[in-house]
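entry-v3.pdb, holding PDB, C-alpha atoms:
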```
ATOM      1  CA  MET A  18       9.731  16.093   5.296
ATOM      2  CA  GLY A  19       6.987  16.939   2.816
ATOM      3  CA  VAL A  20       7.246  13.552   1.097
ATOM      4  CA  ARG A  21       7.265  11.741   4.450
ATOM      5  CA  ALA A  22       4.173  13.622   5.630
ATOM      6  CA  GLN A  23       2.381  12.910   2.355
ATOM      7  CA  THR A  24       3.263   9.211   2.573
ATOM      8  CA  LYS A  25       1.965   9.060   6.145
ATOM      9  CA  GLN A  26      -1.255  10.803   5.084
ATOM     10  CA  LEU A  27      -1.780   8.325   2.243
ATOM     11  CA  GLY A  28      -1.119   5.442   4.626
ATOM     12  CA  THR A  29      -3.743   6.754   7.050
ATOM     13  CA  MET A  30      -6.209   7.228   4.187
ATOM     14  CA  PHE A  31      -5.801   3.620   3.009
ATOM     15  CA  LEU A  32      -6.034   2.382   6.611
ATOM     16  CA  PHE A  33      -9.281   4.321   7.079
ATOM     17  CA  GLU A  34     -10.693   2.864   3.858
ATOM     18  CA  ASN A  35      -9.801  -0.623   5.091
ATOM     19  CA  TYR A  36     -11.444   0.198   8.411
ATOM     20  CA  LEU A  37     -14.678   1.160   6.660
ATOM     21  CA  GLU A  38     -14.595  -2.083   4.683
ATOM     22  CA  THR A  39     -15.194  -3.981   7.941
ATOM     23  CA  PHE A  40     -18.662  -2.404   8.293
ATOM     24  CA  LYS A  41     -21.883  -3.555   6.709
ATOM     25  CA  LYS A  42     -23.203  -0.870   4.354
ATOM     26  CA  THR A  43     -26.823  -0.008   4.973
ATOM     27  CA  SER A  44     -29.397   2.539   3.871
ATOM     28  CA  LEU A  45     -31.545   4.867   5.951
ATOM     29  CA  SER A  46     -33.788   4.813   7.866
ATOM     30  CA  ILE A  47     -32.560   2.580  10.719
ATOM     31  CA  ASN A  48     -34.721   1.376  13.583
ATOM     32  CA  LEU A  49     -32.799  -0.320  16.397
ATOM     33  CA  ASP A  50     -35.849  -1.322  18.425
ATOM     34  CA  ARG A  51     -35.748  -3.796  21.313
ATOM     35  CA  ASP A  52     -35.778  -6.866  19.072
ATOM     36  CA  ALA A  53     -33.055  -5.461  16.809
ATOM     37  CA  VAL A  54     -30.818  -4.431  19.720
ATOM     38  CA  PHE A  55     -30.976  -7.813  21.404
ATOM     39  CA  GLU A  56     -30.461  -9.553  18.061
ATOM     40  CA  ILE A  57     -27.217  -7.582  17.652
ATOM     41  CA  VAL A  58     -26.130  -8.035  21.273
ATOM     42  CA  ASN A  59     -26.823 -11.776  21.333
ATOM     43  CA  ASN A  60     -24.983 -12.325  18.055
ATOM     44  CA  GLY A  61     -22.036 -10.032  18.701
ATOM     45  CA  SER A  62     -19.591 -12.865  18.045
ATOM     46  CA  ARG A  63     -20.570 -12.718  14.362
ATOM     47  CA  LEU A  64     -19.495  -9.079  14.033
ATOM     48  CA  HIS A  65     -16.035  -8.022  12.899
ATOM     49  CA  GLU A  66     -13.803  -7.132  15.853
ATOM     50  CA  ILE A  67     -11.974  -3.841  15.390
ATOM     51  CA  ASN A  68      -8.269  -4.652  15.745
ATOM     52  CA  ASN A  69      -5.536  -2.517  17.288
ATOM     53  CA  SER A  70      -4.488  -0.874  14.014
ATOM     54  CA  PHE A  71      -8.053   0.394  13.507
ATOM     55  CA  LYS A  72      -8.563   1.552  17.112
ATOM     56  CA  ARG A  73      -7.037   4.912  16.188
ATOM     57  CA  PHE A  74     -10.431   5.659  14.645
ATOM     58  CA  ILE A  75     -12.279   4.998  17.932
ATOM     59  CA  PRO A  76     -12.786   8.057  20.203
ATOM     60  CA  THR A  77     -10.273   8.146  23.067
ATOM     61  CA  GLU A  78     -13.095   8.650  25.582
ATOM     62  CA  LEU A  79     -14.612   5.301  24.591
ATOM     63  CA  LEU A  80     -11.258   3.521  24.739
ATOM     64  CA  LYS A  81     -10.823   4.793  28.298
ATOM     65  CA  ILE A  82     -14.209   3.566  29.581
ATOM     66  CA  ASN A  83     -12.795   0.091  30.029
ATOM     67  CA  LEU A  84      -9.306  -0.955  28.938
ATOM     68  CA  ASN A  85     -10.555  -4.464  28.164
ATOM     69  CA  SER A  86     -13.322  -3.277  25.858
ATOM     70  CA  THR A  87     -13.932  -5.043  22.581
ATOM     71  CA  PHE A  88     -15.183  -2.932  19.678
ATOM     72  CA  LYS A  89     -17.183  -4.387  16.799
ATOM     73  CA  SER A  90     -17.948  -2.926  13.359
ATOM     74  CA  LEU A  91     -21.691  -2.667  12.850
ATOM     75  CA  TYR A  92     -23.036  -0.389  10.099
ATOM     76  CA  LEU A  93     -21.676   2.136   7.606
ATOM     77  CA  LEU A  94     -24.417   4.647   6.879
ATOM     78  CA  PRO A  95     -24.753   6.764   3.714
ATOM     79  CA  SER A  96     -22.389   9.758   3.659
ATOM     80  CA  ARG A  97     -23.907  13.096   4.611
ATOM     81  CA  ASP A  98     -22.238  16.233   3.183
ATOM     82  CA  SER A  99     -18.921  14.319   2.950
ATOM     83  CA  ILE A 100     -19.359  13.176   6.574
ATOM     84  CA  VAL A 101     -18.826   9.462   7.185
ATOM     85  CA  VAL A 102     -21.282   7.990   9.709
ATOM     86  CA  THR A 103     -20.744   4.600  11.380
ATOM     87  CA  LEU A 104     -22.359   2.510  14.102
ATOM     88  CA  VAL A 105     -19.893   0.749  16.418
ATOM     89  CA  MET A 106     -20.643  -1.639  19.273
ATOM     90  CA  GLN A 107     -18.573  -1.692  22.466
ATOM     91  CA  GLU A 108     -18.591  -4.745  24.744
ATOM     92  CA  TYR A 109     -17.049  -4.868  28.223
ATOM     93  CA  THR A 110     -17.573  -6.073  31.790
ATOM     94  CA  ASP A 111     -17.854  -3.223  34.288
ATOM     95  CA  LYS A 112     -16.711  -3.076  37.915
ATOM     96  CA  HIS A 113     -20.032  -4.558  39.047
ATOM     97  CA  GLU A 114     -19.447  -7.616  36.813
ATOM     98  CA  MET A 115     -22.244  -6.480  34.503
ATOM     99  CA  GLU A 116     -21.901  -7.297  30.796
ATOM    100  CA  ASN A 117     -22.247  -4.052  28.816
ATOM    101  CA  ALA A 118     -23.106  -3.760  25.123
ATOM    102  CA  ARG A 119     -23.337  -0.193  23.855
ATOM    103  CA  ILE A 120     -23.905   1.008  20.299
ATOM    104  CA  TYR A 121     -22.534   4.404  19.272
ATOM    105  CA  ILE A 122     -22.902   6.727  16.315
ATOM    106  CA  ILE A 123     -19.356   7.809  15.364
ATOM    107  CA  THR A 124     -18.736  10.428  12.670
ATOM    108  CA  TYR A 125     -15.658  11.333  10.612
ATOM    109  CA  ASN A 126     -14.917  14.193   8.224
ATOM    110  CA  LYS A 127     -13.641  13.975   4.634
ATOM    111  CA  LYS A 128     -10.051  14.039   5.942
ATOM    112  CA  ASN A 129     -10.761  10.761   7.788
ATOM    113  CA  HIS A 130     -10.568  12.501  11.161
ATOM    114  CA  PHE A 131     -12.905  11.599  14.019
ATOM    115  CA  VAL A 132     -15.438  14.383  14.660
ATOM    116  CA  GLY A 133     -18.111  13.280  17.143
ATOM    117  CA  TYR A 134     -20.041  10.449  18.757
ATOM    118  CA  GLU A 135     -23.144   9.696  20.826
ATOM    119  CA  GLU A 136     -24.581   6.581  22.403
ATOM    120  CA  LEU A 137     -27.570   5.344  20.411
ATOM    121  CA  ALA A 138     -28.588   1.965  21.831
ATOM    122  CA  GLY A 139     -27.455  -1.007  23.900
ATOM    123  CA  ALA A 140     -28.226  -3.228  26.860
ATOM    124  CA  VAL A 141     -27.069  -4.251  30.308
ATOM    125  CA  VAL A 142     -29.384  -7.155  31.197
ATOM    126  CA  ASP A 143     -31.824  -6.380  34.051
ATOM    127  CA  PHE A 144     -30.294  -2.931  34.543
ATOM    128  CA  TRP A 145     -30.419  -0.682  31.476
ATOM    129  CA  GLU A 146     -31.676  -0.794  27.884
ATOM    130  CA  ALA A 147     -31.576   1.739  25.055
ATOM    131  CA  PHE A 148     -33.088   1.773  21.572
ATOM    132  CA  GLY A 149     -32.471   4.179  18.708
ATOM    133  CA  GLU A 150     -33.817   5.421  15.397
ATOM    134  CA  ILE A 151     -32.111   7.321  12.582
ATOM    135  CA  SER A 152     -34.398   8.785   9.923
ATOM    136  CA  CYS A 153     -33.641   9.344   6.235
ATOM    137  CA  ASP A 154     -32.681  12.975   6.967
ATOM    138  CA  TYR A 155     -30.477  11.958   9.923
ATOM    139  CA  ALA A 156     -32.884  12.941  12.688
ATOM    140  CA  ILE A 157     -31.782  10.758  15.599
ATOM    141  CA  VAL A 158     -33.801   9.580  18.607
ATOM    142  CA  SER A 159     -32.436   7.463  21.465
ATOM    143  CA  LYS A 160     -34.707   6.046  24.195
ATOM    144  CA  CYS A 161     -33.002   4.840  27.384
ATOM    145  CA  TYR A 162     -34.615   2.815  30.178
ATOM    146  CA  GLN A 163     -33.067   2.451  33.646
ATOM    147  CA  TYR A 164     -34.714  -0.114  35.916
ATOM    148  CA  LYS A 165     -36.198   1.267  39.154
ATOM    149  CA  MET A 166     -37.998  -0.222  42.150
ATOM    150  CA  GLY A 167     -41.765   0.141  41.834
ATOM    151  CA  ASN A 168     -43.900   1.042  44.841
ATOM    152  CA  LYS A 169     -47.392  -0.025  43.772
ATOM    153  CA  VAL A 170     -48.639  -3.582  44.284
ATOM    154  CA  ASP A 171     -51.370  -3.187  41.645
ATOM    155  CA  MET A 172     -48.708  -2.327  39.006
ATOM    156  CA  ILE A 173     -46.517  -5.364  39.618
ATOM    157  CA  LYS A 174     -47.136  -6.760  36.136
ATOM    158  CA  TYR A 175     -45.473  -3.688  34.585
ATOM    159  CA  PHE A 176     -41.850  -2.565  34.411
ATOM    160  CA  CYS A 177     -40.775   0.453  36.435
ATOM    161  CA  PHE A 178     -38.280   2.670  34.589
ATOM    162  CA  ALA A 179     -36.606   6.028  34.451
ATOM    163  CA  GLU A 180     -37.086   6.866  30.770
ATOM    164  CA  ASP A 181     -34.748   9.330  29.016
ATOM    165  CA  ILE A 182     -35.440  10.329  25.417
ATOM    166  CA  TYR A 183     -32.698  12.182  23.527
ATOM    167  CA  GLU A 184     -33.014  13.824  20.109
ATOM    168  CA  TYR A 185     -29.964  14.702  17.978
ATOM    169  CA  TYR A 186     -28.928  15.879  14.538
ATOM    170  CA  ILE A 187     -25.619  15.741  12.695
ATOM    171  CA  THR A 188     -24.141  19.138  11.755
ATOM    172  CA  ASN A 189     -22.444  19.868   8.429
ATOM    173  CA  SER A 190     -19.097  19.485  10.218
ATOM    174  CA  GLY A 191     -20.067  16.064  11.573
ATOM    175  CA  MET A 192     -20.795  16.932  15.202
ATOM    176  CA  VAL A 193     -23.694  15.053  16.811
ATOM    177  CA  LYS A 194     -25.709  17.783  18.518
ATOM    178  CA  LYS A 195     -28.469  17.221  21.079
ATOM    179  CA  THR A 196     -31.636  19.221  20.412
ATOM    180  CA  LYS A 197     -34.029  17.870  23.032
ATOM    181  CA  GLU A 198     -34.054  15.768  26.189
ATOM    182  CA  THR A 199     -37.181  14.376  27.869
ATOM    183  CA  LYS A 200     -37.212  12.510  31.201
ATOM    184  CA  ARG A 201     -39.921  10.749  33.168
ATOM    185  CA  ASN A 202     -40.302   7.959  35.735
ATOM    186  CA  GLY A 203     -43.173   5.554  35.347
ATOM    187  CA  TYR A 204     -44.637   2.157  34.670
ATOM    188  CA  PHE A 205     -44.226   0.611  31.231
ATOM    189  CA  GLU A 206     -45.584  -2.378  29.383
ATOM    190  CA  CYS A 207     -43.203  -4.416  27.244
ATOM    191  CA  GLY A 208     -44.322  -4.582  23.632
ATOM    192  CA  GLU A 209     -42.805  -6.357  20.642
ATOM    193  CA  THR A 210     -40.509  -3.490  19.722
ATOM    194  CA  GLY A 211     -40.028  -1.581  22.974
ATOM    195  CA  TYR A 212     -41.776  -0.215  26.042
ATOM    196  CA  ASN A 213     -45.178   1.482  26.136
ATOM    197  CA  TYR A 214     -45.809   4.092  28.821
ATOM    198  CA  ILE A 215     -48.725   3.274  31.169
ATOM    199  CA  LYS A 216     -48.674   5.801  34.030
ATOM    200  CA  PRO A 217     -46.274   7.832  36.226
ATOM    201  CA  MET A 218     -44.776   6.340  39.380
ATOM    202  CA  ASN A 219     -46.315   8.800  41.824
ATOM    203  CA  ASN A 220     -49.961   8.649  40.668
TER     204      ASN A 220
END
```
Please express the file's structure as structure tokens.
Amino acid sequence: MGVRAQTKQLGTMFLFENYLETFKKTSLSINLDRDAVFEIVNNGSRLHEINNSFKRFIPTELLKINLNSTFKSLYLLPSRDSIVVTLVMQEYTDKHEMENARIYIITYNKKNHFVGYEELAGAVVDFWEAFGEISCDYAIVSKCYQYKMGNKVDMIKYFCFAEDIYEYYITNSGMVKKTKETKRNGYFECGETGYNYIKPMNN
């Protein structure tokens, strides 16, 4: 039994190493602004699709979101205290026939076990957009924009959004912990890299 268990463990270790080989290694910091997110989303066919043998390394909760999801290997970030940090993209069509592309931070410990995940960025055209940043010391910020109906004629040239800003850090065990959440509804101007806040909805 001991030999069999050891052989299985070695097999999983080699499989995990092969899984990580499908990612593009990158350094920190990372800025997935609006241009970068849509560049990734629009060129998703160029990314490596995570096959069934590697799906054991994808969190069960993400696999259950949509059974027809396709997962793509994106980036392998520098290890942090023996924690492996990856960025994975999930693509699927939801029940409203909307094409979803969502990018997640997924972490693993030194035993190759999944530890935690959080959504970082993504897009559902004309419905929802999210952009993310990861600093050199693994401070993480995700900005999400949900389209809303504006009520002011003089602001028609701007976008009306519910903006959610989330801040995270990665613990020594690999958990992705939220430290701050900021919400506001308002009018935004589209810039080259994201959205600039103009004024609140009810002023």
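Residues matched by the PyMOL selection byres ((chain A and resi 97) around 9) in this file: Leu94, Pro95, Ser96, Asp98, Ser99, Ile100, Val101, Val102, Tyr155, Ile187, Asn189 and Gly191 of chain A.
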If you keep C-alpha atoms, can you produce a file of those selected residues as a short mmCIF file (atom, residue, chain, number, x, y, z; two decimals), in the frame of the given file?
```
data_model
loop_
_atom_site.label_atom_id
_atom_site.label_comp_id
_atom_site.auth_asym_id
_atom_site.auth_seq_id
_atom_site.Cartn_x
_atom_site.Cartn_y
_atom_site.Cartn_z
CA LEU A 94 -24.42 4.65 6.88
CA PRO A 95 -24.75 6.76 3.71
CA SER A 96 -22.39 9.76 3.66
CA ASP A 98 -22.24 16.23 3.18
CA SER A 99 -18.92 14.32 2.95
CA ILE A 100 -19.36 13.18 6.57
CA VAL A 101 -18.83 9.46 7.18
CA VAL A 102 -21.28 7.99 9.71
CA TYR A 155 -30.48 11.96 9.92
CA ILE A 187 -25.62 15.74 12.70
CA ASN A 189 -22.44 19.87 8.43
CA GLY A 191 -20.07 16.06 11.57
#
```
query: Taking into account all atoms listed in the file, which residue in the set A:Met192, A:Met30, A:Met218, A:Ile182 is nearest to Thr124 (chain A)?
result: A:Met192
Could you state which residues are captured by the PyMOL selection byres ((chain A and resi 105) around 12) in this file, as a compact mmCIF listing (two decimals) with C-alpha atoms, keeping the file's coordinate frame?
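Heads up, here's the output in result_23.txt:
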```txt
# COMPACT_ATOMS: atom_id res chain seq x y z
CA TYR A 36 -11.44 0.20 8.41
CA LEU A 37 -14.68 1.16 6.66
CA THR A 39 -15.19 -3.98 7.94
CA PHE A 40 -18.66 -2.40 8.29
CA LYS A 41 -21.88 -3.56 6.71
CA ILE A 57 -27.22 -7.58 17.65
CA VAL A 58 -26.13 -8.04 21.27
CA GLY A 61 -22.04 -10.03 18.70
CA LEU A 64 -19.50 -9.08 14.03
CA HIS A 65 -16.04 -8.02 12.90
CA GLU A 66 -13.80 -7.13 15.85
CA ILE A 67 -11.97 -3.84 15.39
CA LYS A 72 -8.56 1.55 17.11
CA PHE A 74 -10.43 5.66 14.64
CA ILE A 75 -12.28 5.00 17.93
CA PRO A 76 -12.79 8.06 20.20
CA LEU A 79 -14.61 5.30 24.59
CA THR A 87 -13.93 -5.04 22.58
CA PHE A 88 -15.18 -2.93 19.68
CA LYS A 89 -17.18 -4.39 16.80
CA SER A 90 -17.95 -2.93 13.36
CA LEU A 91 -21.69 -2.67 12.85
CA TYR A 92 -23.04 -0.39 10.10
CA LEU A 93 -21.68 2.14 7.61
CA LEU A 94 -24.42 4.65 6.88
CA VAL A 102 -21.28 7.99 9.71
CA THR A 103 -20.74 4.60 11.38
CA LEU A 104 -22.36 2.51 14.10
CA MET A 106 -20.64 -1.64 19.27
CA GLN A 107 -18.57 -1.69 22.47
CA GLU A 108 -18.59 -4.74 24.74
CA ALA A 118 -23.11 -3.76 25.12
CA ARG A 119 -23.34 -0.19 23.86
CA ILE A 120 -23.90 1.01 20.30
CA TYR A 121 -22.53 4.40 19.27
CA ILE A 122 -22.90 6.73 16.32
CA ILE A 123 -19.36 7.81 15.36
CA THR A 124 -18.74 10.43 12.67
CA TYR A 134 -20.04 10.45 18.76
CA GLU A 135 -23.14 9.70 20.83
CA GLU A 136 -24.58 6.58 22.40
CA LEU A 137 -27.57 5.34 20.41
CA ALA A 138 -28.59 1.96 21.83
CA GLY A 139 -27.46 -1.01 23.90
```
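Between Tyr109 (chain A) and the residues A:Ala140, A:Met172, A:Thr199, A:Tyr185, the shortest atom-to-atom distance, using only C-alpha atoms, involves A:Ala140.
With distances restricted to only C-alpha atoms, A:Asn117 is the closest residue to Ile82 (chain A) from A:Ser62, A:Gln163, A:Asn117, A:Ser44.
From CA of Glu116 (chain A) back to CA of Gly133 (chain A), the distance works out to 25.0 Å.
Within 6 Å of Ile157 (chain A), once all atoms listed in the file are used and residues closer than 5 positions along the same chain are dropped, the contacting residues are Glu150, Ile151, Glu184, Tyr185 and Tyr186 of chain A.
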Give me, as a compact mmCIF listing (two decimals) with C-alpha atoms, keeping the file's coordinate frame, all polymer residues having an atom no more than 10 Å from Gly167 (chain A), counting only C-alpha atoms and skipping those fewer than 3 positions away in the same chain.
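File selection_0.txt, as written:
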```
# COMPACT_ATOMS: atom_id res chain seq x y z
CA TYR A 164 -34.71 -0.11 35.92
CA VAL A 170 -48.64 -3.58 44.28
CA MET A 172 -48.71 -2.33 39.01
CA ILE A 173 -46.52 -5.36 39.62
CA TYR A 175 -45.47 -3.69 34.58
CA PHE A 176 -41.85 -2.56 34.41
CA CYS A 177 -40.78 0.45 36.44
CA PHE A 178 -38.28 2.67 34.59
CA GLY A 203 -43.17 5.55 35.35
CA TYR A 204 -44.64 2.16 34.67
CA MET A 218 -44.78 6.34 39.38
CA ASN A 219 -46.32 8.80 41.82
```
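What separates CA of Glu78 (chain A) from CA of Thr188 (chain A) is a distance of 20.6 Å.
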What residues come out when you apply the PyMOL selection byres ((chain A and resi 208-212) around 12) to this file, written as a CSV table (one decimal) with C-alpha atoms, in the frame of the given file?
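Resulting contents of result-v3.csv:
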```csv
chain,number,residue,atom,x,y,z
A,48,ASN,CA,-34.7,1.4,13.6
A,49,LEU,CA,-32.8,-0.3,16.4
A,50,ASP,CA,-35.8,-1.3,18.4
A,51,ARG,CA,-35.7,-3.8,21.3
A,52,ASP,CA,-35.8,-6.9,19.1
A,53,ALA,CA,-33.1,-5.5,16.8
A,54,VAL,CA,-30.8,-4.4,19.7
A,55,PHE,CA,-31.0,-7.8,21.4
A,56,GLU,CA,-30.5,-9.6,18.1
A,146,GLU,CA,-31.7,-0.8,27.9
A,147,ALA,CA,-31.6,1.7,25.1
A,148,PHE,CA,-33.1,1.8,21.6
A,149,GLY,CA,-32.5,4.2,18.7
A,150,GLU,CA,-33.8,5.4,15.4
A,159,SER,CA,-32.4,7.5,21.5
A,160,LYS,CA,-34.7,6.0,24.2
A,161,CYS,CA,-33.0,4.8,27.4
A,162,TYR,CA,-34.6,2.8,30.2
A,163,GLN,CA,-33.1,2.5,33.6
A,175,TYR,CA,-45.5,-3.7,34.6
A,176,PHE,CA,-41.8,-2.6,34.4
A,177,CYS,CA,-40.8,0.5,36.4
A,178,PHE,CA,-38.3,2.7,34.6
A,179,ALA,CA,-36.6,6.0,34.5
A,180,GLU,CA,-37.1,6.9,30.8
A,203,GLY,CA,-43.2,5.6,35.3
A,204,TYR,CA,-44.6,2.2,34.7
A,205,PHE,CA,-44.2,0.6,31.2
A,206,GLU,CA,-45.6,-2.4,29.4
A,207,CYS,CA,-43.2,-4.4,27.2
A,213,ASN,CA,-45.2,1.5,26.1
A,214,TYR,CA,-45.8,4.1,28.8
A,215,ILE,CA,-48.7,3.3,31.2
```
field: Gap from CA of Asn202 (chain A) to CA of Lys112 (chain A) - Å, one decimal
entry: 26.1 Å
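Shortest separation to Leu45 (chain A) among A:Lys194, A:Val158, A:Ser152, A:Asp171 occurs at residue A:Ser152, atoms counted being only C-alpha atoms.
Closest to Lys165 (chain A) among A:Val193, A:Tyr183, A:Arg201, A:Val132 is A:Arg201, based on all atoms listed in the file.
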As JSON: centre and edge lengths in Å, one decimal, of the axis-aligned box holding region 158-169 of chain A with 4 Å per side:
```
{"center_x": -39.9, "center_y": 4.7, "center_z": 31.7, "size_x": 23.0, "size_y": 17.8, "size_z": 34.2}
```
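Considering all atoms listed in the file, the residue among A:Ile47, A:Leu32, A:Cys153, A:Leu84 positioned nearest to Thr110 (chain A) is A:Leu84.
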